[in-house]
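Undergrad: Sharing a structure here in structure tokens format.
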Number of protein chains: 2
Amino acid sequence: MADIIHRIGIKAGPDKVFWALSTIEGLALWWTEDTSGASEIGKTIVFQFRDPKGQIKGAFEMEVLKQAPFKKVQWKCVKGPEEWVGTEITFDLRQENEFTIVLFGHCNWRESVEFTAHCSTKWAIFLMSLKELIETGKGKPAPRDITIDNWN
Amino acid sequence: MADIIHRIGIKAGPDKVFWALSTIEGLALWWTEDTSGASEIGKTIVFQFRDPKGQIKGAFEMEVLKQAPFKKVQWKCVKGPEEWVGTEITFDLRQENEFTIVLFGHCNWRESVEFTAHCSTKWAIFLMSLKELIETGKGKPAPRDITIDNWN
């Protein structure tokens with residue numbers, strides 16, 4: 001089993017960060033513009049990624065497992081690339097002085113493969129997009145995300 | 001045991017990427033400006049990180065374990081924060097069309113802690129600095145690195 005973990009600190013209260021992690025509108029502003037579905041516990045959120053021509057190049061469907069205001073958001077991947085199905089994604093929030101610390105985990109990968117390494121770097125880039133969104137008002141969701149390699 | 005892994009693709013030949021990973025001059029242009037020592041196998045490289053006032057806030061000493069031209073660089077941390085000592089860092093390079101793919105690993109952490117999560121995100125940022133250096137001629141080594149949280 002392999003886990004991807006990250007830590008960022010955002011200069012804002014946890015309520016703003018939680019909003020960006022727990023609403024369709026907020027998620028679309030830092031991960032992918034093409035976010036749909038419902039973000040309540042037990043519902044599913046669909047994240048689609050398109051190339052600059054609008055063609056879908058990837059999609060993930062997440063079931064919302066936890067949604068604890070200002071503290072935690074947890075999803076389980078129920079559809080997507082086979083390496084992702086069954087994995088869980090968590091965002092744990094806590095306040096530390098003027099920062100909201102976000103501890104991120106994408107856990108329970110069956111094995112650590114090259115795609116895991118790609119996703120690890122890409123998650124860091126998207127978490128920095130979340131930080132930018134909250135701190136400056138503008139994130140870099142797909143398809144305006146920063147390219148890291150030949151896979152995206 | 002926990003591992004940090006990342007993958008980036010750099011639009012350049014592996015010779016240029018290898019240079020940035022295997023020379024004191026190259027390393028200083030993307031990781032930390034305060035890089036010294038010798039980068040031959042069996043020697044040690046010292047990486048120091050300073051705050052904007054020039055005060056040292058952290059340092060790592062790496063023994064060079066492998067240096068296979070255009071293919072691999074491997075270090076073992078012999079001095080630094082206790083979580084780092086004994087861990088190994090590898091950069092595996094291979095060409096894929098116009099890209100040099102860099103598979104990065106910071107392996108054998110005794111346990112996965114919050115500092116591991118911080119280092120995972122920070123490594124992604126520094127690897128993007130390496131990519132920028134090679135592709136644009138200018139990286140973002142410390143102390144000009146991008147801040148990710150309240151620890152740096």
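Residues in the structure tokens are numbered from 1 in each chain, the chains being A, B, ... in the order shown, and ligands are numbered from 1 in the order shown.
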Find the residues in chain A near chain B: any atom within 12 Å counts, using only C-alpha atoms. Write them as a PyMOL selection string.

TA: chain A and resi 1-12+92+95-106+112-132+135+146-152

Undergrad: I'd like the neighbourhood of A:Trp30 as a list in words, where a residue qualifies if any of its atoms comes within 7 Å (using only C-alpha atoms), though same-chain residues fewer than 2 positions away should be ignored.

TA: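 Using only C-alpha atoms, the neighbours found are Leu27, Ala28, Thr32, Phe126, Ser129, Leu130, Leu133, Gly139, Lys140 and Pro141 of chain A.
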
Undergrad: May I ask for the distance between atom CA of B:Val46 and atom CA of B:Glu83, given in Å to one decimal place?

TA: 16.9 Å

Undergrad: Residues at most 9 Å from A:Phe18, counting only C-alpha atoms, excluding those fewer than 5 positions away in the same chain, as a list in words?

TA: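 With the cut-off at 9 Å, the set is Gly13, Thr23, Gly26, Ala68, Pro69, Phe70, Lys71, Lys72, Val73 and Leu93 of chain A.
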
Undergrad: Report the distance between atom CA of B:Ile45 and atom CA of B:Gln67 in Å, rounded to one decimal place.

TA: 13.0 Å

Undergrad: Quick one: DSSP strand (DSSP E or B) residues in chain A, as a ChimeraX atom specification?

TA: /A:2-10,32,34-37,44-50,56-68,72-79,88-96,99-109,142

Undergrad: When you look at B:Glu88 with a cut-off of 7 Å (counting only C-alpha atoms), what residues show up, excluding the ones that are within fewer than 4 positions of it in the same chain? I need them as a PDB file with N, CA and C atoms, in the first residue's frame.

TA:
```pdb
ATOM      1  N   TRP B  75      21.830   9.809  -3.455  1.00  0.00           N
ATOM      2  CA  TRP B  75      22.510  10.329  -2.266  1.00  0.00           C
ATOM      3  C   TRP B  75      21.949   9.651  -1.016  1.00  0.00           C
ATOM      4  N   LYS B  76      22.778   9.668   0.038  1.00  0.00           N
ATOM      5  CA  LYS B  76      22.296   9.244   1.358  1.00  0.00           C
ATOM      6  C   LYS B  76      22.488  10.427   2.291  1.00  0.00           C
ATOM      7  N   CYS B  77      21.472  10.740   3.064  1.00  0.00           N
ATOM      8  CA  CYS B  77      21.589  11.867   3.989  1.00  0.00           C
ATOM      9  C   CYS B  77      22.395  11.418   5.208  1.00  0.00           C
ATOM     10  N   HIS B 106      12.453   9.978  -2.347  1.00  0.00           N
ATOM     11  CA  HIS B 106      13.129  10.266  -1.073  1.00  0.00           C
ATOM     12  C   HIS B 106      12.629   9.162  -0.142  1.00  0.00           C
ATOM     13  N   CYS B 107      13.453   8.118  -0.020  1.00  0.00           N
ATOM     14  CA  CYS B 107      12.955   6.852   0.528  1.00  0.00           C
ATOM     15  C   CYS B 107      13.533   6.498   1.888  1.00  0.00           C
ATOM     16  N   ASN B 108      12.836   5.557   2.521  1.00  0.00           N
ATOM     17  CA  ASN B 108      13.258   4.996   3.811  1.00  0.00           C
ATOM     18  C   ASN B 108      13.097   5.937   4.995  1.00  0.00           C
TER      19      ASN B 108
END
```

Undergrad: Please identify which residues in chain A DSSP calls alpha helix (DSSP H) from the backbone, and express them as number ranges by chain.

TA: A: 14-22, 24-27, 114-136

Undergrad: So that I have them on file, write out the residues from the current selection with N, CA, C and O atoms, as a short mmCIF file (atom, residue, chain, number, x, y, z; two decimals), in the first residue's frame.

TA:
```cif
data_model
loop_
_atom_site.label_atom_id
_atom_site.label_comp_id
_atom_site.auth_asym_id
_atom_site.auth_seq_id
_atom_site.Cartn_x
_atom_site.Cartn_y
_atom_site.Cartn_z
N PRO A 14 -10.09 28.72 8.44
CA PRO A 14 -10.49 27.40 7.93
C PRO A 14 -11.86 27.39 7.26
O PRO A 14 -12.14 26.50 6.44
N ASP A 15 -12.70 28.38 7.56
CA ASP A 15 -14.03 28.42 6.92
C ASP A 15 -13.89 28.62 5.41
O ASP A 15 -14.57 27.97 4.61
N LYS A 16 -12.96 29.49 5.01
CA LYS A 16 -12.77 29.73 3.56
C LYS A 16 -12.19 28.51 2.88
O LYS A 16 -12.56 28.16 1.76
N VAL A 17 -11.22 27.88 3.54
CA VAL A 17 -10.59 26.69 2.95
C VAL A 17 -11.62 25.56 2.85
O VAL A 17 -11.71 24.89 1.82
N PHE A 18 -12.40 25.42 3.90
CA PHE A 18 -13.43 24.36 3.90
C PHE A 18 -14.43 24.59 2.77
O PHE A 18 -14.83 23.64 2.09
N TRP A 19 -14.80 25.84 2.55
CA TRP A 19 -15.71 26.16 1.44
C TRP A 19 -15.14 25.66 0.10
O TRP A 19 -15.84 25.06 -0.71
N ALA A 20 -13.86 25.91 -0.10
CA ALA A 20 -13.23 25.53 -1.37
C ALA A 20 -13.11 24.02 -1.53
O ALA A 20 -12.89 23.52 -2.64
N LEU A 21 -13.23 23.28 -0.43
CA LEU A 21 -13.10 21.82 -0.47
C LEU A 21 -14.43 21.09 -0.41
O LEU A 21 -14.50 19.89 -0.67
N SER A 22 -15.49 21.83 -0.06
CA SER A 22 -16.76 21.14 0.23
C SER A 22 -17.92 21.61 -0.63
O SER A 22 -19.05 21.17 -0.42
N ILE A 24 -19.23 22.42 -4.80
CA ILE A 24 -18.94 22.22 -6.23
C ILE A 24 -18.31 23.49 -6.79
O ILE A 24 -17.32 23.44 -7.53
N GLU A 25 -18.86 24.62 -6.40
CA GLU A 25 -18.35 25.92 -6.88
C GLU A 25 -16.89 26.14 -6.45
O GLU A 25 -16.05 26.57 -7.25
N GLY A 26 -16.61 25.85 -5.19
CA GLY A 26 -15.24 26.04 -4.68
C GLY A 26 -14.25 25.10 -5.34
O GLY A 26 -13.17 25.51 -5.78
N LEU A 27 -14.61 23.83 -5.46
CA LEU A 27 -13.72 22.83 -6.06
C LEU A 27 -13.36 23.18 -7.51
O LEU A 27 -12.24 22.96 -7.96
N GLU A 114 4.67 4.37 -11.32
CA GLU A 114 5.08 5.65 -11.90
C GLU A 114 3.91 6.65 -11.92
O GLU A 114 4.10 7.86 -11.73
N PHE A 115 2.72 6.14 -12.12
CA PHE A 115 1.54 7.00 -12.13
C PHE A 115 1.31 7.62 -10.73
O PHE A 115 0.83 8.74 -10.62
N THR A 116 1.66 6.86 -9.68
CA THR A 116 1.55 7.39 -8.32
C THR A 116 2.48 8.61 -8.17
O THR A 116 2.10 9.64 -7.58
N ALA A 117 3.69 8.47 -8.71
CA ALA A 117 4.67 9.57 -8.62
C ALA A 117 4.15 10.80 -9.36
O ALA A 117 4.25 11.93 -8.87
N HIS A 118 3.59 10.58 -10.56
CA HIS A 118 2.99 11.67 -11.32
C HIS A 118 1.89 12.35 -10.49
O HIS A 118 1.85 13.57 -10.37
N CYS A 119 1.01 11.54 -9.94
CA CYS A 119 -0.12 12.11 -9.17
C CYS A 119 0.37 12.85 -7.93
O CYS A 119 -0.22 13.87 -7.54
N SER A 120 1.43 12.37 -7.33
CA SER A 120 1.97 13.04 -6.14
C SER A 120 2.41 14.47 -6.49
O SER A 120 2.07 15.44 -5.79
N THR A 121 3.16 14.60 -7.58
CA THR A 121 3.63 15.93 -7.99
C THR A 121 2.44 16.80 -8.39
O THR A 121 2.34 17.98 -8.02
N LYS A 122 1.53 16.19 -9.13
CA LYS A 122 0.37 16.94 -9.63
C LYS A 122 -0.52 17.42 -8.47
O LYS A 122 -1.05 18.54 -8.50
N TRP A 123 -0.68 16.58 -7.43
CA TRP A 123 -1.45 17.01 -6.27
C TRP A 123 -0.81 18.24 -5.60
O TRP A 123 -1.50 19.17 -5.16
N ALA A 124 0.53 18.24 -5.54
CA ALA A 124 1.22 19.40 -4.93
C ALA A 124 0.87 20.66 -5.70
O ALA A 124 0.57 21.72 -5.12
N ILE A 125 0.89 20.54 -7.03
CA ILE A 125 0.59 21.69 -7.89
C ILE A 125 -0.85 22.16 -7.68
O ILE A 125 -1.12 23.36 -7.57
N PHE A 126 -1.78 21.22 -7.59
CA PHE A 126 -3.18 21.61 -7.39
C PHE A 126 -3.40 22.17 -5.98
O PHE A 126 -4.22 23.10 -5.81
N LEU A 127 -2.69 21.66 -4.98
CA LEU A 127 -2.84 22.23 -3.64
C LEU A 127 -2.31 23.66 -3.60
O LEU A 127 -2.86 24.52 -2.91
N MET A 128 -1.26 23.93 -4.38
CA MET A 128 -0.76 25.31 -4.48
C MET A 128 -1.80 26.19 -5.21
O MET A 128 -1.91 27.39 -4.93
N SER A 129 -2.56 25.58 -6.11
CA SER A 129 -3.65 26.30 -6.78
C SER A 129 -4.75 26.65 -5.77
O SER A 129 -5.31 27.75 -5.78
N LEU A 130 -5.03 25.71 -4.85
CA LEU A 130 -6.00 25.97 -3.77
C LEU A 130 -5.51 27.14 -2.90
O LEU A 130 -6.28 28.05 -2.56
N LYS A 131 -4.23 27.09 -2.55
CA LYS A 131 -3.63 28.17 -1.72
C LYS A 131 -3.76 29.53 -2.45
O LYS A 131 -4.18 30.53 -1.86
N GLU A 132 -3.42 29.53 -3.73
CA GLU A 132 -3.51 30.75 -4.54
C GLU A 132 -4.93 31.28 -4.61
O GLU A 132 -5.18 32.48 -4.54
N LEU A 133 -5.86 30.34 -4.82
CA LEU A 133 -7.28 30.74 -4.91
C LEU A 133 -7.69 31.50 -3.65
O LEU A 133 -8.28 32.58 -3.72
N ILE A 134 -7.38 30.93 -2.49
CA ILE A 134 -7.83 31.53 -1.23
C ILE A 134 -7.07 32.83 -0.94
O ILE A 134 -7.65 33.82 -0.50
N GLU A 135 -5.79 32.83 -1.22
CA GLU A 135 -4.97 34.00 -0.85
C GLU A 135 -5.04 35.14 -1.85
O GLU A 135 -4.86 36.30 -1.49
N THR A 136 -5.29 34.82 -3.13
CA THR A 136 -5.28 35.88 -4.15
C THR A 136 -6.61 36.02 -4.89
O THR A 136 -6.79 36.95 -5.66
#
```

Undergrad: Return the single residue from A:Arg50, A:Phe91, A:Val85, A:Lys79 that is closest to A:Lys66, with distances computed using only C-alpha atoms.

TA: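 Nearest to A:Lys66: A:Phe91.
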
Undergrad: Find the residues near A:Asp34: any atom within 8 Å, counting only C-alpha atoms, skip ones fewer than 3 places away on the same chain, and give them as an NGL selection string.

TA: :A and (28 or 47-49)

Undergrad: Okay, now the selection with C-alpha atoms, as a CSV table (one decimal), in the first residue's frame?

TA:
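Written file, result24.csv:
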```
chain,number,residue,atom,x,y,z
A,28,ALA,CA,-14.1,24.1,-9.6
A,47,PHE,CA,-14.3,15.8,-11.7
A,48,GLN,CA,-13.6,15.9,-15.4
A,49,PHE,CA,-10.4,17.0,-17.0
```

Undergrad: Separation of atom CA of A:Gly137 and atom CA of A:Thr35, in Å?

TA: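 We find that atom CA of A:Gly137 and atom CA of A:Thr35 lie 18.3 Å from each other.
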